[in-house]
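Enquirer: Here it is, the structure in full.
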Amino acid sequence: FGKLLLTLASIWGQISVCIDDLQWADPASLLLISYLMSSAAGCSSIFFTFSYRDDEVSNNGRFNAWLYSISSFPVKVITLKEISPGSVTSILSDSLHLSPRLTRPLASVLHHKTRGNPLFLRQLIELLREQGLIFIDWSHTRWTWDLNKIINTELHSDVLALLVSEMQGLPTDLQFGLKVASCWGSCVKYSIVDILSEELKVDLAAILKKVCKRSFMTNISDDAVFRFSHDKIEQAAHDLMPEQQRRKYHMRFGLALFSNILNSYPNAGVGDDELFFAAVNQTNSGGPSAVTKTGQKSLVAGLNLKAGRRAIELSDYRAAFKLFKHG
């Protein structure tokens, strides 16, 4: 990988490697990143950018040790803090097309309620608009608000609770789309959406496009995926479902994918590795309690056996062990 990176840099001139949410990286990934940095040492045309949440790594000794290990490289640490009251005033002025003098009292209240969290602020502004506390004054053709009601309105104390509350007010079909998408993690591919649409007898793509218009997800056509706008939004969508419902969805979707693979590759029995492993991961996320029909346990065990053997062929022995254990 290091030689490949240097070769690409020599062809393209400049390369930026950006990795987000580094706090969730496993030890093997951190080791690979260190190796890439070592390989690129002295090469001015390769630039690394990493981001992580310092409030989620305080007890992660392994990650902190890795951070210390890369201090030998010319690393510049940039700490992003919560946005200031002045920044909230600017955001409101730009959004509502009003002067900072008019938006400053509202900005002060919203900054206090959100503690300067950008995601919380965005969702709170949208929620207040939907509740009619920020509205258009048609007599003066401008945005205005009921500051006293906003001050006295009890809001959730964290972003996740606010998002869940907002999602529960969405139309039923959009809530359903968010629930289905959350079963696949941060994003779901068009190809999987097509399979699920057939399984669920709905136009899931159309539903997710409506979700995107609400800014909960983004439609990235170049990568052919629907992606959650933020991991907190993904978590909130996941929390819309009770645990047993989530497990049943995982099992149903995994079996639907496997059925599609069998229909597409009747002789090989596996076909597309990515879809096959996605199917197995879904059934494993469902777990034994999601098995509802006779013979499903042996089917899931067989899938894990086949997936484990395939993982060995791909030299991914850690994954193989986990798959065999699930089976």
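Residue numbers start at 1 in each chain; chains themselves are named A, B, ... in the order of the structure tokens; ligands are numbered from 1 in the order shown.
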Any chance you could tabulate, as CSV, the residues of region 156-193 of chain A at most 8 Å from region 209-218 of chain A with each one's nearest atom pair and distance in Å to one decimal, using only C-alpha atoms, in chain and rising number order?

Expert:
```
residue,atom,partner,partner_atom,distance
A:Leu174,CA,A:Val211,CA,6.1
A:Gly177,CA,A:Val211,CA,7.6
A:Leu178,CA,A:Val211,CA,7.5
```

Enquirer: Store the residues picked out above, limited to N, CA and C atoms, as a compact mmCIF listing (two decimals), in the first residue's frame.

Expert:
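Done, and the output landed in result_23.txt:
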```txt
# COMPACT_ATOMS: atom_id res chain seq x y z
N LEU A 174 -41.63 7.57 5.75
CA LEU A 174 -40.27 8.06 5.92
C LEU A 174 -39.62 7.43 7.16
N GLY A 177 -38.52 4.06 6.05
CA GLY A 177 -37.30 4.11 5.25
C GLY A 177 -36.07 4.31 6.11
N LEU A 178 -36.16 5.17 7.12
CA LEU A 178 -35.04 5.39 8.03
C LEU A 178 -34.70 4.13 8.82
```

Enquirer: What are the DSSP alpha helix (DSSP H) residues of region 70-169 of chain A, as JSON, numbers by chain?

Expert: {"A": [85, 86, 87, 88, 89, 90, 91, 92, 93, 94, 95, 96, 100, 101, 102, 103, 104, 105, 106, 107, 108, 109, 110, 111, 112, 113, 114, 118, 119, 120, 121, 122, 123, 124, 125, 126, 127, 128, 129, 130, 147, 148, 149, 150, 151, 152, 159, 160, 161, 162, 163, 164, 165, 166, 167, 168]}

Enquirer: Determine the nearest neighbour of Phe50 (chain A) from the options A:Cys18, A:Ile136, A:Phe1, A:Ser38, counting only C-alpha atoms.

Expert: A:Cys18

Enquirer: Could you list, as a VMD selection string, every residue within 9 Å of Leu163 (chain A), counting only C-alpha atoms and ignoring same-chain residues fewer than 4 positions away?

Expert: chain A and resid 120 123 158 to 159 167 to 168 232 to 233 236 to 237

Enquirer: When distances are computed from only C-alpha atoms, which of A:Glu154, A:Leu30, A:Gly86, A:Ser45 shows the smallest separation from Ala65 (chain A)?

Expert: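 Residue with the minimum atom-to-atom distance to Ala65 (chain A): A:Leu30.
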
Enquirer: If DSSP is run on the backbone, what residues of region 43-159 of chain A are strand (DSSP E or B)? A reply as a list in words would be ideal.

Expert: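 In region 43-159 of chain A, DSSP puts these residues in strand (DSSP E or B): Ile46, Phe47, Phe48, Thr49, Phe50, Ile134, Phe135, Ile136, Asp137, Arg142, Trp143, Thr144 and Trp145 of chain A.
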
Enquirer: How would the residues just chosen look if you wrote them out with all heavy atoms as a CSV table (one decimal), in the first residue's frame?

Expert:
```csv
chain,number,residue,atom,x,y,z
A,46,ILE,N,2.2,14.2,-0.4
A,46,ILE,CA,1.1,13.3,0.3
A,46,ILE,C,0.8,14.0,1.6
A,46,ILE,O,1.6,14.3,2.5
A,46,ILE,CB,1.6,11.9,0.5
A,46,ILE,CG1,2.0,11.2,-0.8
A,46,ILE,CG2,0.5,11.1,1.2
A,46,ILE,CD1,2.5,9.8,-0.6
A,47,PHE,N,-0.6,14.3,1.8
A,47,PHE,CA,-1.0,15.0,3.0
A,47,PHE,C,-2.1,14.2,3.7
A,47,PHE,O,-3.1,13.7,3.0
A,47,PHE,CB,-1.6,16.4,2.6
A,47,PHE,CG,-2.1,17.2,3.7
A,47,PHE,CD1,-1.2,17.8,4.5
A,47,PHE,CD2,-3.4,17.3,4.0
A,47,PHE,CE1,-1.6,18.6,5.6
A,47,PHE,CE2,-3.9,18.1,5.0
A,47,PHE,CZ,-2.9,18.8,5.8
A,48,PHE,N,-1.9,13.9,4.9
A,48,PHE,CA,-2.9,13.1,5.7
A,48,PHE,C,-3.7,14.0,6.6
A,48,PHE,O,-3.2,14.9,7.2
A,48,PHE,CB,-2.2,12.1,6.6
A,48,PHE,CG,-1.5,11.0,5.9
A,48,PHE,CD1,-0.1,11.1,5.5
A,48,PHE,CD2,-2.1,9.8,5.6
A,48,PHE,CE1,0.5,10.1,4.8
A,48,PHE,CE2,-1.5,8.8,4.9
A,48,PHE,CZ,-0.2,8.9,4.5
A,49,THR,N,-5.0,13.8,6.6
A,49,THR,CA,-6.0,14.5,7.5
A,49,THR,C,-6.8,13.4,8.3
A,49,THR,O,-7.4,12.6,7.6
A,49,THR,CB,-6.9,15.4,6.7
A,49,THR,OG1,-6.1,16.3,6.0
A,49,THR,CG2,-7.8,16.2,7.7
A,50,PHE,N,-6.7,13.4,9.6
A,50,PHE,CA,-7.5,12.5,10.4
A,50,PHE,C,-8.4,13.3,11.3
A,50,PHE,O,-8.1,14.4,11.7
A,50,PHE,CB,-6.6,11.7,11.3
A,50,PHE,CG,-5.5,10.9,10.5
A,50,PHE,CD1,-4.2,11.1,10.9
A,50,PHE,CD2,-5.8,10.1,9.4
A,50,PHE,CE1,-3.2,10.4,10.2
A,50,PHE,CE2,-4.8,9.5,8.7
A,50,PHE,CZ,-3.5,9.6,9.1
A,134,ILE,N,-40.7,29.6,15.1
A,134,ILE,CA,-40.0,30.4,14.2
A,134,ILE,C,-40.9,30.4,12.9
A,134,ILE,O,-41.1,29.4,12.3
A,134,ILE,CB,-38.6,30.0,13.8
A,134,ILE,CG1,-37.7,30.0,15.1
A,134,ILE,CG2,-37.9,30.8,12.7
A,134,ILE,CD1,-36.3,29.5,14.9
A,135,PHE,N,-41.3,31.6,12.5
A,135,PHE,CA,-42.3,31.7,11.4
A,135,PHE,C,-42.2,33.0,10.6
A,135,PHE,O,-41.5,33.9,11.0
A,135,PHE,CB,-43.8,31.6,12.0
A,135,PHE,CG,-44.0,32.6,13.1
A,135,PHE,CD1,-44.6,33.8,12.8
A,135,PHE,CD2,-43.7,32.3,14.4
A,135,PHE,CE1,-44.8,34.8,13.8
A,135,PHE,CE2,-43.9,33.3,15.4
A,135,PHE,CZ,-44.5,34.5,15.1
A,136,ILE,N,-42.9,33.0,9.5
A,136,ILE,CA,-42.9,34.2,8.7
A,136,ILE,C,-44.0,35.2,9.1
A,136,ILE,O,-45.2,34.8,9.3
A,136,ILE,CB,-43.1,33.9,7.2
A,136,ILE,CG1,-41.9,33.0,6.7
A,136,ILE,CG2,-43.3,35.1,6.4
A,136,ILE,CD1,-42.1,32.6,5.3
A,137,ASP,N,-43.7,36.4,9.4
A,137,ASP,CA,-44.6,37.5,9.7
A,137,ASP,C,-45.0,38.1,8.3
A,137,ASP,O,-44.3,38.9,7.8
A,137,ASP,CB,-44.0,38.5,10.6
A,137,ASP,CG,-44.9,39.6,11.0
A,137,ASP,OD1,-46.0,39.7,10.4
A,137,ASP,OD2,-44.5,40.5,11.8
A,142,ARG,N,-41.1,39.0,6.7
A,142,ARG,CA,-39.8,38.6,7.2
A,142,ARG,C,-40.0,37.5,8.3
A,142,ARG,O,-41.1,37.3,8.8
A,142,ARG,CB,-39.1,39.8,7.9
A,142,ARG,CG,-40.0,40.6,8.8
A,142,ARG,CD,-39.2,41.4,9.9
A,142,ARG,NE,-38.9,40.5,11.0
A,142,ARG,CZ,-38.4,41.0,12.2
A,142,ARG,NH1,-38.1,42.2,12.3
A,142,ARG,NH2,-38.1,40.1,13.1
A,143,TRP,N,-38.9,36.8,8.6
A,143,TRP,CA,-39.0,35.8,9.6
A,143,TRP,C,-39.0,36.5,11.0
A,143,TRP,O,-38.4,37.5,11.2
A,143,TRP,CB,-37.7,34.9,9.5
A,143,TRP,CG,-37.7,33.9,8.4
A,143,TRP,CD1,-37.2,34.1,7.2
A,143,TRP,CD2,-38.4,32.7,8.3
A,143,TRP,NE1,-37.4,33.0,6.3
A,143,TRP,CE2,-38.1,32.1,7.1
A,143,TRP,CE3,-39.1,31.9,9.2
A,143,TRP,CZ2,-38.6,30.9,6.7
A,143,TRP,CZ3,-39.6,30.7,8.8
A,143,TRP,CH2,-39.3,30.2,7.6
A,144,THR,N,-39.8,35.8,11.9
A,144,THR,CA,-39.8,36.3,13.3
A,144,THR,C,-40.0,35.1,14.2
A,144,THR,O,-40.0,33.9,13.7
A,144,THR,CB,-40.9,37.3,13.5
A,144,THR,OG1,-40.8,37.9,14.8
A,144,THR,CG2,-42.3,36.6,13.3
A,145,TRP,N,-40.1,35.3,15.5
A,145,TRP,CA,-40.1,34.1,16.4
A,145,TRP,C,-40.8,34.6,17.7
A,145,TRP,O,-40.9,35.8,18.0
A,145,TRP,CB,-38.7,33.6,16.7
A,145,TRP,CG,-37.7,34.7,17.0
A,145,TRP,CD1,-37.5,35.2,18.2
A,145,TRP,CD2,-36.9,35.4,16.0
A,145,TRP,NE1,-36.5,36.2,18.1
A,145,TRP,CE2,-36.2,36.3,16.8
A,145,TRP,CE3,-36.7,35.3,14.7
A,145,TRP,CZ2,-35.2,37.1,16.2
A,145,TRP,CZ3,-35.8,36.1,14.0
A,145,TRP,CH2,-35.1,37.0,14.8
```

Enquirer: Could you tell me which of A:Ser87, A:Ser229, A:Thr103, A:Ser51 comes closest to Ser182 (chain A) if we count only C-alpha atoms?

Expert: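 Residue with the minimum atom-to-atom distance to Ser182 (chain A): A:Ser229.
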
Enquirer: Return the single residue from A:His326, A:Asp223, A:Ile261, A:Phe276 that is closest to Ser298 (chain A), with distances computed using only C-alpha atoms.

Expert: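 Closest to Ser298 (chain A) of all the choices is A:His326.
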
Enquirer: Name all residues at most 9 Å from Ala40 (chain A) (count only C-alpha atoms; drop same-chain ones fewer than 4 positions away) and give them as JSON, numbers by chain.

Expert: {"A": [2, 3, 5, 6, 35, 36, 44, 45, 46, 47]}

Enquirer: Need to verify the contact set: region 183-199 of chain A, 8 Å, only C-alpha atoms, exclusion of same-chain residues closer than 2 positions in sequence. Can you return it as JSON, numbers by chain?

Expert: {"A": [179, 180, 181, 201, 202, 203, 204, 205, 224, 225, 226, 227, 228, 231, 234, 238, 246, 249, 250, 253, 256, 257, 260]}

Enquirer: Kindly export the residues of the current selection with N, CA, C and O atoms, as a PDB file, in the first residue's frame.

Expert:
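After the write, result.pdb holds the following:
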```
ATOM      1  N   LYS A 179     -35.723   3.425   9.261  1.00  0.00           N
ATOM      2  CA  LYS A 179     -35.489   2.184  10.010  1.00  0.00           C
ATOM      3  C   LYS A 179     -34.764   1.152   9.148  1.00  0.00           C
ATOM      4  O   LYS A 179     -33.794   0.524   9.587  1.00  0.00           O
ATOM      5  N   VAL A 180     -35.247   0.985   7.922  1.00  0.00           N
ATOM      6  CA  VAL A 180     -34.637   0.002   7.022  1.00  0.00           C
ATOM      7  C   VAL A 180     -33.192   0.386   6.725  1.00  0.00           C
ATOM      8  O   VAL A 180     -32.276  -0.454   6.785  1.00  0.00           O
ATOM      9  N   ALA A 181     -32.965   1.662   6.407  1.00  0.00           N
ATOM     10  CA  ALA A 181     -31.609   2.115   6.065  1.00  0.00           C
ATOM     11  C   ALA A 181     -30.660   1.951   7.238  1.00  0.00           C
ATOM     12  O   ALA A 181     -29.477   1.615   7.051  1.00  0.00           O
ATOM     13  N   LYS A 201     -42.021  -4.866  -1.052  1.00  0.00           N
ATOM     14  CA  LYS A 201     -43.131  -4.436  -1.915  1.00  0.00           C
ATOM     15  C   LYS A 201     -43.386  -2.928  -1.814  1.00  0.00           C
ATOM     16  O   LYS A 201     -44.532  -2.470  -1.797  1.00  0.00           O
ATOM     17  N   VAL A 202     -42.297  -2.165  -1.706  1.00  0.00           N
ATOM     18  CA  VAL A 202     -42.399  -0.701  -1.685  1.00  0.00           C
ATOM     19  C   VAL A 202     -41.280  -0.138  -2.565  1.00  0.00           C
ATOM     20  O   VAL A 202     -40.309  -0.822  -2.864  1.00  0.00           O
ATOM     21  N   ASP A 203     -41.436   1.129  -2.973  1.00  0.00           N
ATOM     22  CA  ASP A 203     -40.379   1.813  -3.717  1.00  0.00           C
ATOM     23  C   ASP A 203     -39.460   2.470  -2.698  1.00  0.00           C
ATOM     24  O   ASP A 203     -39.594   3.653  -2.377  1.00  0.00           O
ATOM     25  N   LEU A 204     -38.511   1.677  -2.179  1.00  0.00           N
ATOM     26  CA  LEU A 204     -37.651   2.164  -1.109  1.00  0.00           C
ATOM     27  C   LEU A 204     -36.773   3.320  -1.577  1.00  0.00           C
ATOM     28  O   LEU A 204     -36.503   4.253  -0.805  1.00  0.00           O
ATOM     29  N   ALA A 205     -36.336   3.285  -2.828  1.00  0.00           N
ATOM     30  CA  ALA A 205     -35.501   4.366  -3.351  1.00  0.00           C
ATOM     31  C   ALA A 205     -36.239   5.700  -3.310  1.00  0.00           C
ATOM     32  O   ALA A 205     -35.676   6.734  -2.925  1.00  0.00           O
ATOM     33  N   ALA A 224     -23.343   5.641  -5.829  1.00  0.00           N
ATOM     34  CA  ALA A 224     -24.547   4.806  -5.845  1.00  0.00           C
ATOM     35  C   ALA A 224     -24.947   4.355  -4.447  1.00  0.00           C
ATOM     36  O   ALA A 224     -25.227   3.187  -4.197  1.00  0.00           O
ATOM     37  N   VAL A 225     -24.983   5.320  -3.509  1.00  0.00           N
ATOM     38  CA  VAL A 225     -25.377   4.995  -2.140  1.00  0.00           C
ATOM     39  C   VAL A 225     -26.264   6.098  -1.558  1.00  0.00           C
ATOM     40  O   VAL A 225     -26.191   7.255  -1.977  1.00  0.00           O
ATOM     41  N   PHE A 226     -27.085   5.705  -0.605  1.00  0.00           N
ATOM     42  CA  PHE A 226     -27.774   6.638   0.266  1.00  0.00           C
ATOM     43  C   PHE A 226     -26.996   6.620   1.583  1.00  0.00           C
ATOM     44  O   PHE A 226     -26.821   5.554   2.182  1.00  0.00           O
ATOM     45  N   ARG A 227     -26.542   7.779   2.031  1.00  0.00           N
ATOM     46  CA  ARG A 227     -25.702   7.851   3.229  1.00  0.00           C
ATOM     47  C   ARG A 227     -26.348   8.750   4.282  1.00  0.00           C
ATOM     48  O   ARG A 227     -26.883   9.810   3.966  1.00  0.00           O
ATOM     49  N   PHE A 228     -26.284   8.307   5.542  1.00  0.00           N
ATOM     50  CA  PHE A 228     -26.777   9.146   6.628  1.00  0.00           C
ATOM     51  C   PHE A 228     -25.905  10.391   6.741  1.00  0.00           C
ATOM     52  O   PHE A 228     -24.677  10.324   6.605  1.00  0.00           O
ATOM     53  N   ASP A 231     -23.517  10.330  11.935  1.00  0.00           N
ATOM     54  CA  ASP A 231     -23.664   9.053  12.631  1.00  0.00           C
ATOM     55  C   ASP A 231     -24.705   9.124  13.749  1.00  0.00           C
ATOM     56  O   ASP A 231     -25.332   8.121  14.095  1.00  0.00           O
ATOM     57  N   GLU A 234     -27.946   8.331  12.111  1.00  0.00           N
ATOM     58  CA  GLU A 234     -28.044   6.882  11.915  1.00  0.00           C
ATOM     59  C   GLU A 234     -28.445   6.193  13.216  1.00  0.00           C
ATOM     60  O   GLU A 234     -29.325   5.321  13.233  1.00  0.00           O
ATOM     61  N   HIS A 238     -31.839   4.117  14.148  1.00  0.00           N
ATOM     62  CA  HIS A 238     -31.738   2.762  14.688  1.00  0.00           C
ATOM     63  C   HIS A 238     -32.554   2.627  15.966  1.00  0.00           C
ATOM     64  O   HIS A 238     -33.177   1.596  16.225  1.00  0.00           O
ATOM     65  N   ARG A 246     -35.638  -4.861  15.373  1.00  0.00           N
ATOM     66  CA  ARG A 246     -34.376  -4.715  14.638  1.00  0.00           C
ATOM     67  C   ARG A 246     -33.834  -6.081  14.246  1.00  0.00           C
ATOM     68  O   ARG A 246     -33.377  -6.284  13.114  1.00  0.00           O
ATOM     69  N   TYR A 249     -35.775  -7.580  11.387  1.00  0.00           N
ATOM     70  CA  TYR A 249     -35.426  -6.912  10.126  1.00  0.00           C
ATOM     71  C   TYR A 249     -34.090  -7.422   9.600  1.00  0.00           C
ATOM     72  O   TYR A 249     -33.949  -7.724   8.405  1.00  0.00           O
ATOM     73  N   HIS A 250     -33.097  -7.503  10.473  1.00  0.00           N
ATOM     74  CA  HIS A 250     -31.772  -7.978  10.051  1.00  0.00           C
ATOM     75  C   HIS A 250     -31.872  -9.375   9.439  1.00  0.00           C
ATOM     76  O   HIS A 250     -31.307  -9.648   8.370  1.00  0.00           O
ATOM     77  N   PHE A 253     -33.812  -9.267   6.025  1.00  0.00           N
ATOM     78  CA  PHE A 253     -33.054  -8.640   4.944  1.00  0.00           C
ATOM     79  C   PHE A 253     -31.887  -9.526   4.512  1.00  0.00           C
ATOM     80  O   PHE A 253     -31.573  -9.623   3.328  1.00  0.00           O
ATOM     81  N   ALA A 256     -33.290 -12.285   2.429  1.00  0.00           N
ATOM     82  CA  ALA A 256     -33.724 -11.748   1.136  1.00  0.00           C
ATOM     83  C   ALA A 256     -32.534 -11.573   0.201  1.00  0.00           C
ATOM     84  O   ALA A 256     -32.609 -11.882  -0.996  1.00  0.00           O
ATOM     85  N   LEU A 257     -31.419 -11.074   0.747  1.00  0.00           N
ATOM     86  CA  LEU A 257     -30.207 -10.906  -0.063  1.00  0.00           C
ATOM     87  C   LEU A 257     -29.677 -12.257  -0.534  1.00  0.00           C
ATOM     88  O   LEU A 257     -29.292 -12.419  -1.699  1.00  0.00           O
ATOM     89  N   ASN A 260     -31.721 -13.598  -3.315  1.00  0.00           N
ATOM     90  CA  ASN A 260     -31.406 -12.906  -4.567  1.00  0.00           C
ATOM     91  C   ASN A 260     -30.107 -13.437  -5.174  1.00  0.00           C
ATOM     92  O   ASN A 260     -30.000 -13.602  -6.390  1.00  0.00           O
TER      93      ASN A 260
END
```

Enquirer: Between CA of Ser259 (chain A) and CA of Gln235 (chain A), measure the distance and give it in Å to one decimal.

Expert: 28.1 Å
